[in-house]
>>> print(open('query07.pdb').read())   # PDB, C-alpha atoms
MODEL        1
ATOM      1  CA  MET J   1     107.411  95.810  90.199
ATOM      2  CA  ARG J   2     110.600  93.822  89.925
ATOM      3  CA  VAL J   3     111.731  91.776  92.874
ATOM      4  CA  SER J   4     115.420  91.911  93.730
ATOM      5  CA  VAL J   5     117.564  88.792  93.729
ATOM      6  CA  GLU J   6     118.404  89.518  97.364
ATOM      7  CA  TYR J   7     114.741  89.524  98.355
ATOM      8  CA  LEU J   8     114.073  86.304  96.437
ATOM      9  CA  LYS J   9     116.725  84.664  98.622
ATOM     10  CA  LEU J  10     114.589  85.575 101.644
ATOM     11  CA  ASN J  11     111.241  84.777 100.066
ATOM     12  CA  PRO J  12     111.306  82.620  96.929
ATOM     13  CA  LEU J  13     107.736  83.697  96.058
ATOM     14  CA  GLY J  14     108.890  87.313  95.989
ATOM     15  CA  TYR J  15     105.855  88.488  97.952
ATOM     16  CA  VAL J  16     105.753  90.506 101.145
ATOM     17  CA  PRO J  17     106.134  90.195 104.044
ATOM     18  CA  ALA J  18     109.354  88.606 105.148
ATOM     19  CA  LEU J  19     110.744  88.770 108.656
ATOM     20  CA  VAL J  20     114.443  88.386 109.358
ATOM     21  CA  ASP J  21     115.178  87.753 113.019
ATOM     22  CA  GLY J  22     118.837  86.879 113.337
ATOM     23  CA  GLU J  23     119.309  83.615 111.468
ATOM     24  CA  THR J  24     115.551  83.013 111.231
ATOM     25  CA  VAL J  25     113.755  84.026 108.040
ATOM     26  CA  ILE J  26     109.982  83.744 107.827
ATOM     27  CA  ALA J  27     108.100  84.700 104.667
ATOM     28  CA  ASP J  28     104.400  84.376 105.435
ATOM     29  CA  SER J  29     102.061  86.630 107.436
ATOM     30  CA  PHE J  30     100.442  83.828 109.390
ATOM     31  CA  ALA J  31     103.775  82.187 110.202
ATOM     32  CA  ILE J  32     105.300  85.530 111.201
ATOM     33  CA  ILE J  33     102.466  86.326 113.589
ATOM     34  CA  LEU J  34     102.588  82.853 115.156
ATOM     35  CA  TYR J  35     106.367  83.162 115.496
ATOM     36  CA  LEU J  36     106.007  86.524 117.239
ATOM     37  CA  GLU J  37     103.272  85.102 119.470
ATOM     38  CA  GLU J  38     105.611  82.389 120.676
ATOM     39  CA  LYS J  39     108.723  84.560 120.863
ATOM     40  CA  TYR J  40     106.981  87.269 122.915
ATOM     41  CA  PRO J  41     104.384  85.461 125.063
ATOM     42  CA  GLN J  42     104.204  88.429 127.443
ATOM     43  CA  GLN J  43     102.619  90.438 124.584
ATOM     44  CA  THR J  44     100.029  87.893 123.473
ATOM     45  CA  LEU J  45      98.253  88.103 120.134
ATOM     46  CA  LEU J  46      95.690  85.459 121.067
ATOM     47  CA  PRO J  47      93.029  85.563 123.760
ATOM     48  CA  ARG J  48      93.164  83.014 126.579
ATOM     49  CA  ASP J  49      89.529  82.054 125.998
ATOM     50  CA  LEU J  50      89.625  79.024 123.691
ATOM     51  CA  GLN J  51      86.491  79.996 121.761
ATOM     52  CA  ARG J  52      87.741  83.532 121.072
ATOM     53  CA  ARG J  53      91.132  82.081 120.163
ATOM     54  CA  ALA J  54      89.447  79.834 117.596
ATOM     55  CA  ILE J  55      87.523  82.834 116.201
ATOM     56  CA  ASN J  56      90.862  84.656 115.821
ATOM     57  CA  TYR J  57      92.318  81.758 113.864
ATOM     58  CA  GLN J  58      89.215  81.537 111.697
ATOM     59  CA  ALA J  59      89.099  85.273 110.959
ATOM     60  CA  ALA J  60      92.827  85.377 110.200
ATOM     61  CA  ASN J  61      92.453  82.420 107.854
ATOM     62  CA  ILE J  62      89.491  83.973 106.002
ATOM     63  CA  VAL J  63      91.595  87.072 105.449
ATOM     64  CA  SER J  64      94.810  85.284 104.502
ATOM     65  CA  ALA J  65      93.183  82.699 102.232
ATOM     66  CA  TYR J  66      90.289  84.574 100.635
ATOM     67  CA  ILE J  67      90.796  88.337 100.918
ATOM     68  CA  GLN J  68      94.502  89.176 101.043
ATOM     69  CA  PRO J  69      95.474  87.317  97.850
ATOM     70  CA  LEU J  70      93.206  89.654  95.886
ATOM     71  CA  HIS J  71      95.363  92.599  96.994
ATOM     72  CA  ASN J  72      98.458  91.020  95.447
ATOM     73  CA  GLY J  73      99.763  92.682  92.290
ATOM     74  CA  ALA J  74     100.625  89.381  90.583
ATOM     75  CA  VAL J  75      97.117  88.038  91.195
ATOM     76  CA  LEU J  76      95.543  91.251  89.928
ATOM     77  CA  LYS J  77      97.694  91.164  86.807
ATOM     78  CA  TYR J  78      96.644  87.561  86.135
ATOM     79  CA  ILE J  79      92.951  88.425  86.588
ATOM     80  CA  ASP J  80      93.427  91.432  84.324
ATOM     81  CA  GLU J  81      94.935  89.227  81.608
ATOM     82  CA  LYS J  82      92.425  86.364  81.918
ATOM     83  CA  VAL J  83      89.202  88.205  82.712
ATOM     84  CA  GLY J  84      89.909  91.568  81.139
ATOM     85  CA  PRO J  85      91.100  94.972  82.326
ATOM     86  CA  ASN J  86      87.573  96.375  82.541
ATOM     87  CA  GLU J  87      86.407  93.473  84.713
ATOM     88  CA  THR J  88      89.225  93.175  87.243
ATOM     89  CA  ASN J  89      87.904  95.645  89.806
ATOM     90  CA  SER J  90      84.345  94.280  89.796
ATOM     91  CA  TRP J  91      85.645  90.698  89.937
ATOM     92  CA  VAL J  92      87.844  91.516  92.917
ATOM     93  CA  GLN J  93      85.091  93.527  94.632
ATOM     94  CA  ASN J  94      82.716  90.559  94.320
ATOM     95  CA  HIS J  95      85.146  88.221  96.060
ATOM     96  CA  LEU J  96      86.186  90.741  98.712
ATOM     97  CA  LEU J  97      82.539  91.370  99.560
ATOM     98  CA  LYS J  98      81.985  87.644  99.983
ATOM     99  CA  GLY J  99      84.901  87.469 102.436
ATOM    100  CA  PHE J 100      83.725  90.535 104.346
ATOM    101  CA  GLU J 101      80.195  89.105 104.569
ATOM    102  CA  ALA J 102      81.609  85.970 106.172
ATOM    103  CA  LEU J 103      83.726  88.007 108.592
ATOM    104  CA  GLU J 104      80.803  90.243 109.537
ATOM    105  CA  LYS J 105      78.724  87.176 110.438
ATOM    106  CA  LEU J 106      81.607  85.523 112.269
ATOM    107  CA  LEU J 107      82.609  88.534 114.364
ATOM    108  CA  LYS J 108      79.306  90.256 115.150
ATOM    109  CA  ASP J 109      78.782  88.231 118.355
ATOM    110  CA  TYR J 110      82.428  88.440 119.492
ATOM    111  CA  ALA J 111      83.498  91.979 118.687
ATOM    112  CA  GLY J 112      84.091  94.544 121.367
ATOM    113  CA  LYS J 113      86.115  97.610 120.559
ATOM    114  CA  TYR J 114      88.147  95.314 118.288
ATOM    115  CA  ALA J 115      87.393  92.146 116.338
ATOM    116  CA  THR J 116      87.124  89.699 119.240
ATOM    117  CA  GLY J 117      86.947  91.882 122.324
ATOM    118  CA  ASN J 118      88.533  94.968 123.802
ATOM    119  CA  GLU J 119      92.138  93.974 123.150
ATOM    120  CA  VAL J 120      93.972  93.863 119.821
ATOM    121  CA  TYR J 121      94.554  90.263 118.791
ATOM    122  CA  MET J 122      95.611  88.305 115.727
ATOM    123  CA  ALA J 123      92.330  88.824 113.863
ATOM    124  CA  ASP J 124      92.828  92.584 114.087
ATOM    125  CA  LEU J 125      96.320  92.371 112.621
ATOM    126  CA  PHE J 126      94.903  90.574 109.604
ATOM    127  CA  LEU J 127      91.775  92.697 109.232
ATOM    128  CA  ALA J 128      93.171  96.220 109.477
ATOM    129  CA  PRO J 129      95.324  96.280 106.329
ATOM    130  CA  GLN J 130      92.775  94.411 104.224
ATOM    131  CA  ILE J 131      89.906  96.715 105.128
ATOM    132  CA  TYR J 132      92.185  99.687 104.494
ATOM    133  CA  GLY J 133      93.142  98.293 101.076
ATOM    134  CA  ALA J 134      89.548  97.417 100.212
ATOM    135  CA  ILE J 135      88.496 101.008 100.887
ATOM    136  CA  LYS J 136      91.486 102.766  99.287
ATOM    137  CA  ARG J 137      92.256 100.426  96.426
ATOM    138  CA  PHE J 138      88.948  98.794  95.496
ATOM    139  CA  GLU J 139      86.444 101.415  96.668
ATOM    140  CA  ILE J 140      84.499  98.991  98.865
ATOM    141  CA  ASP J 141      81.755 100.697 100.882
ATOM    142  CA  MET J 142      82.261  99.256 104.356
ATOM    143  CA  ASN J 143      79.003 100.773 105.657
ATOM    144  CA  GLN J 144      77.314  97.492 104.730
ATOM    145  CA  PHE J 145      79.541  95.787 107.327
ATOM    146  CA  PRO J 146      78.862  97.719 110.547
ATOM    147  CA  THR J 147      80.945  95.479 112.808
ATOM    148  CA  LEU J 148      83.965  95.564 110.521
ATOM    149  CA  LEU J 149      83.642  99.307 109.979
ATOM    150  CA  ARG J 150      83.390  99.959 113.714
ATOM    151  CA  VAL J 151      86.520  97.949 114.535
ATOM    152  CA  PHE J 152      88.352  99.506 111.595
ATOM    153  CA  GLU J 153      87.544 102.965 112.948
ATOM    154  CA  ALA J 154      88.944 101.856 116.317
ATOM    155  CA  TYR J 155      92.161 100.761 114.588
ATOM    156  CA  GLN J 156      92.542 104.272 113.166
ATOM    157  CA  GLU J 157      92.940 105.605 116.711
ATOM    158  CA  LEU J 158      95.915 103.364 117.519
ATOM    159  CA  PRO J 159      99.405 104.793 116.836
ATOM    160  CA  ALA J 160     100.773 101.344 115.927
ATOM    161  CA  PHE J 161      98.130 100.952 113.221
ATOM    162  CA  GLN J 162      98.595 104.543 112.023
ATOM    163  CA  ASN J 163     102.340 103.955 111.697
ATOM    164  CA  ALA J 164     101.767 100.729 109.772
ATOM    165  CA  MET J 165      99.898 102.415 106.919
ATOM    166  CA  PRO J 166     101.468 101.548 103.570
ATOM    167  CA  GLU J 167     102.182 105.157 102.644
ATOM    168  CA  LYS J 168     104.129 105.630 105.891
ATOM    169  CA  GLN J 169     106.602 102.857 105.136
ATOM    170  CA  PRO J 170     110.129 103.938 104.178
ATOM    171  CA  ASP J 171     110.025 101.879 100.996
ATOM    172  CA  ALA J 172     106.557 103.084  99.923
ATOM    173  CA  GLN J 173     106.269 104.106  96.317
ATOM    174  CA  ALA J 174     106.014 107.860  95.915
ATOM    175  CA  ASP J 175     103.601 107.354  93.018
ATOM    176  CA  SER J 176     101.189 105.246  95.130
ATOM    177  CA  ARG J 177     101.611 102.206  92.880
ATOM    178  CA  ILE J 178     100.986 100.052  95.927
ATOM    179  CA  PHE J 179      97.314 100.950  95.408
ATOM    180  CA  GLN J 180      97.513 100.381  91.682
ATOM    181  CA  GLY J 181      98.267  96.654  91.775
ATOM    182  CA  ASP J 182     102.058  96.682  91.591
ATOM    183  CA  SER J 183     102.680  95.410  95.106
TER     184      SER J 183
ENDMDL
END
>>> encode(input="query07.pdb", output="structure tokens")
Amino acid sequence: MRVSVEYLKLNPLGYVPALVDGETVIADSFAIILYLEEKYPQQTLLPRDLQRRAINYQAANIVSAYIQPLHNGAVLKYIDEKVGPNETNSWVQNHLLKGFEALEKLLKDYAGKYATGNEVYMADLFLAPQIYGAIKRFEIDMNQFPTLLRVFEAYQELPAFQNAMPEKQPDAQADSRIFQGDS
């Protein structure tokens, strides 16, 4: 997928997401969520409890550093070229499973209805799309991660999460290339 010159002005890496809020441009998921947390403190994305807050940061970082990059089309293309087209999926699955194993261990003692309790927090915002992509794109069987599967099923009940599905976005590719590695 080609990235427009206009988008590269917003995000020099050419990746998604990018948030434009007036004169402010932020081009990183973690930075965007922290920005929104501070801009809208009445709608907090972090629990007050310091320990649960730390677990949110840790879970979000595991996702953003170790899981999400493997959903990126440029990364997948590089793996395909260096490792081989027949090995890409198994290579990615191996690394995703490692990240999900860590998250399962981290969250099992903190999860309620959602990742760190009964409210949606930062960890949930990071987890939902990556679990969705792992299932749809890389055929990961989430049954081996009962905590993650349970919270993911809870996300499916929330209209905000339903509306955020990739295929529901106005710029979604009609040919589902977003699940083919061209994102």
>>> closest_residue(input="query07.pdb", among="J:Thr24, J:Thr88, J:Gln51, J:Asn94", to="Ile140 (chain J)", atoms="all atoms listed in the file")
J:Asn94
>>> closest_residue(input="query07.pdb", among="J:Lys113, J:His95, J:Lys168, J:Arg150", to="Ile62 (chain J)", atoms="all atoms listed in the file")
J:His95
>>> residues_around(input="query07.pdb", residues="Gly112 (chain J)", least_positions_apart="3", cutoff="12 Å", atoms="all atoms listed in the file", output="mmCIF file with C-alpha atoms, keeping the file's coordinate frame")
data_model
loop_
_atom_site.group_PDB
_atom_site.id
_atom_site.type_symbol
_atom_site.label_atom_id
_atom_site.label_comp_id
_atom_site.auth_asym_id
_atom_site.auth_seq_id
_atom_site.Cartn_x
_atom_site.Cartn_y
_atom_site.Cartn_z
ATOM 1 C CA ARG J 52 87.741 83.532 121.072
ATOM 2 C CA LEU J 107 82.609 88.534 114.364
ATOM 3 C CA LYS J 108 79.306 90.256 115.150
ATOM 4 C CA ASP J 109 78.782 88.231 118.355
ATOM 5 C CA ALA J 115 87.393 92.146 116.338
ATOM 6 C CA THR J 116 87.124 89.699 119.240
ATOM 7 C CA GLY J 117 86.947 91.882 122.324
ATOM 8 C CA ASN J 118 88.533 94.968 123.802
ATOM 9 C CA GLU J 119 92.138 93.974 123.150
ATOM 10 C CA VAL J 120 93.972 93.863 119.821
ATOM 11 C CA TYR J 121 94.554 90.263 118.791
ATOM 12 C CA ASP J 124 92.828 92.584 114.087
ATOM 13 C CA THR J 147 80.945 95.479 112.808
ATOM 14 C CA LEU J 148 83.965 95.564 110.521
ATOM 15 C CA ARG J 150 83.390 99.959 113.714
ATOM 16 C CA VAL J 151 86.520 97.949 114.535
ATOM 17 C CA PHE J 152 88.352 99.506 111.595
ATOM 18 C CA ALA J 154 88.944 101.856 116.317
#
>>> atom_distance(input="query07.pdb", atom1="CA of Asp141 (chain J)", atom2="CA of Leu97 (chain J)")
9.5 Å
>>> resolve_selection(input="query07.pdb", expression="the PyMOL selection byres ((chain J and resi 55) around 10)", output="number ranges by chain")
J: 46-47, 50-54, 56-61, 103, 106-107, 110, 115-116, 122-123
>>> write_last_selection(input="query07.pdb", atoms="C-alpha atoms", output="JSON list (two decimals), keeping the file's coordinate frame")
[["chain", "number", "residue", "atom", "x", "y", "z"],
["J", 46, "LEU", "CA", 95.69, 85.46, 121.07],
["J", 47, "PRO", "CA", 93.03, 85.56, 123.76],
["J", 50, "LEU", "CA", 89.62, 79.02, 123.69],
["J", 51, "GLN", "CA", 86.49, 80.00, 121.76],
["J", 52, "ARG", "CA", 87.74, 83.53, 121.07],
["J", 53, "ARG", "CA", 91.13, 82.08, 120.16],
["J", 54, "ALA", "CA", 89.45, 79.83, 117.60],
["J", 56, "ASN", "CA", 90.86, 84.66, 115.82],
["J", 57, "TYR", "CA", 92.32, 81.76, 113.86],
["J", 58, "GLN", "CA", 89.22, 81.54, 111.70],
["J", 59, "ALA", "CA", 89.10, 85.27, 110.96],
["J", 60, "ALA", "CA", 92.83, 85.38, 110.20],
["J", 61, "ASN", "CA", 92.45, 82.42, 107.85],
["J", 103, "LEU", "CA", 83.73, 88.01, 108.59],
["J", 106, "LEU", "CA", 81.61, 85.52, 112.27],
["J", 107, "LEU", "CA", 82.61, 88.53, 114.36],
["J", 110, "TYR", "CA", 82.43, 88.44, 119.49],
["J", 115, "ALA", "CA", 87.39, 92.15, 116.34],
["J", 116, "THR", "CA", 87.12, 89.70, 119.24],
["J", 122, "MET", "CA", 95.61, 88.30, 115.73],
["J", 123, "ALA", "CA", 92.33, 88.82, 113.86]]
>>> closest_residue(input="query07.pdb", among="J:Tyr132, J:Phe126, J:Phe100, J:Tyr78", to="Leu45 (chain J)", atoms="all atoms listed in the file")
J:Phe126
>>> closest_residue(input="query07.pdb", among="J:Asn72, J:Glu37, J:Ile32, J:Ala128", to="Gly14 (chain J)", atoms="all atoms listed in the file")
J:Asn72
>>> atom_distance(input="query07.pdb", atom1="CA of Ala27 (chain J)", atom2="CA of Leu10 (chain J)")
7.2 Å
>>> axis_aligned_box(input="query07.pdb", around="region 25-41 of chain J", padding_each_side="4 Å", output="AutoDock Vina command-line options")
--center_x 107.1 --center_y 84.7 --center_z 114.9 --size_x 21.3 --size_y 13.1 --size_z 28.4
>>> resolve_selection(input="query07.pdb", expression="the PyMOL selection byres ((chain J and resi 35) around 12)", output="number ranges by chain")
J: 19-21, 24-34, 36-41, 44-45, 122
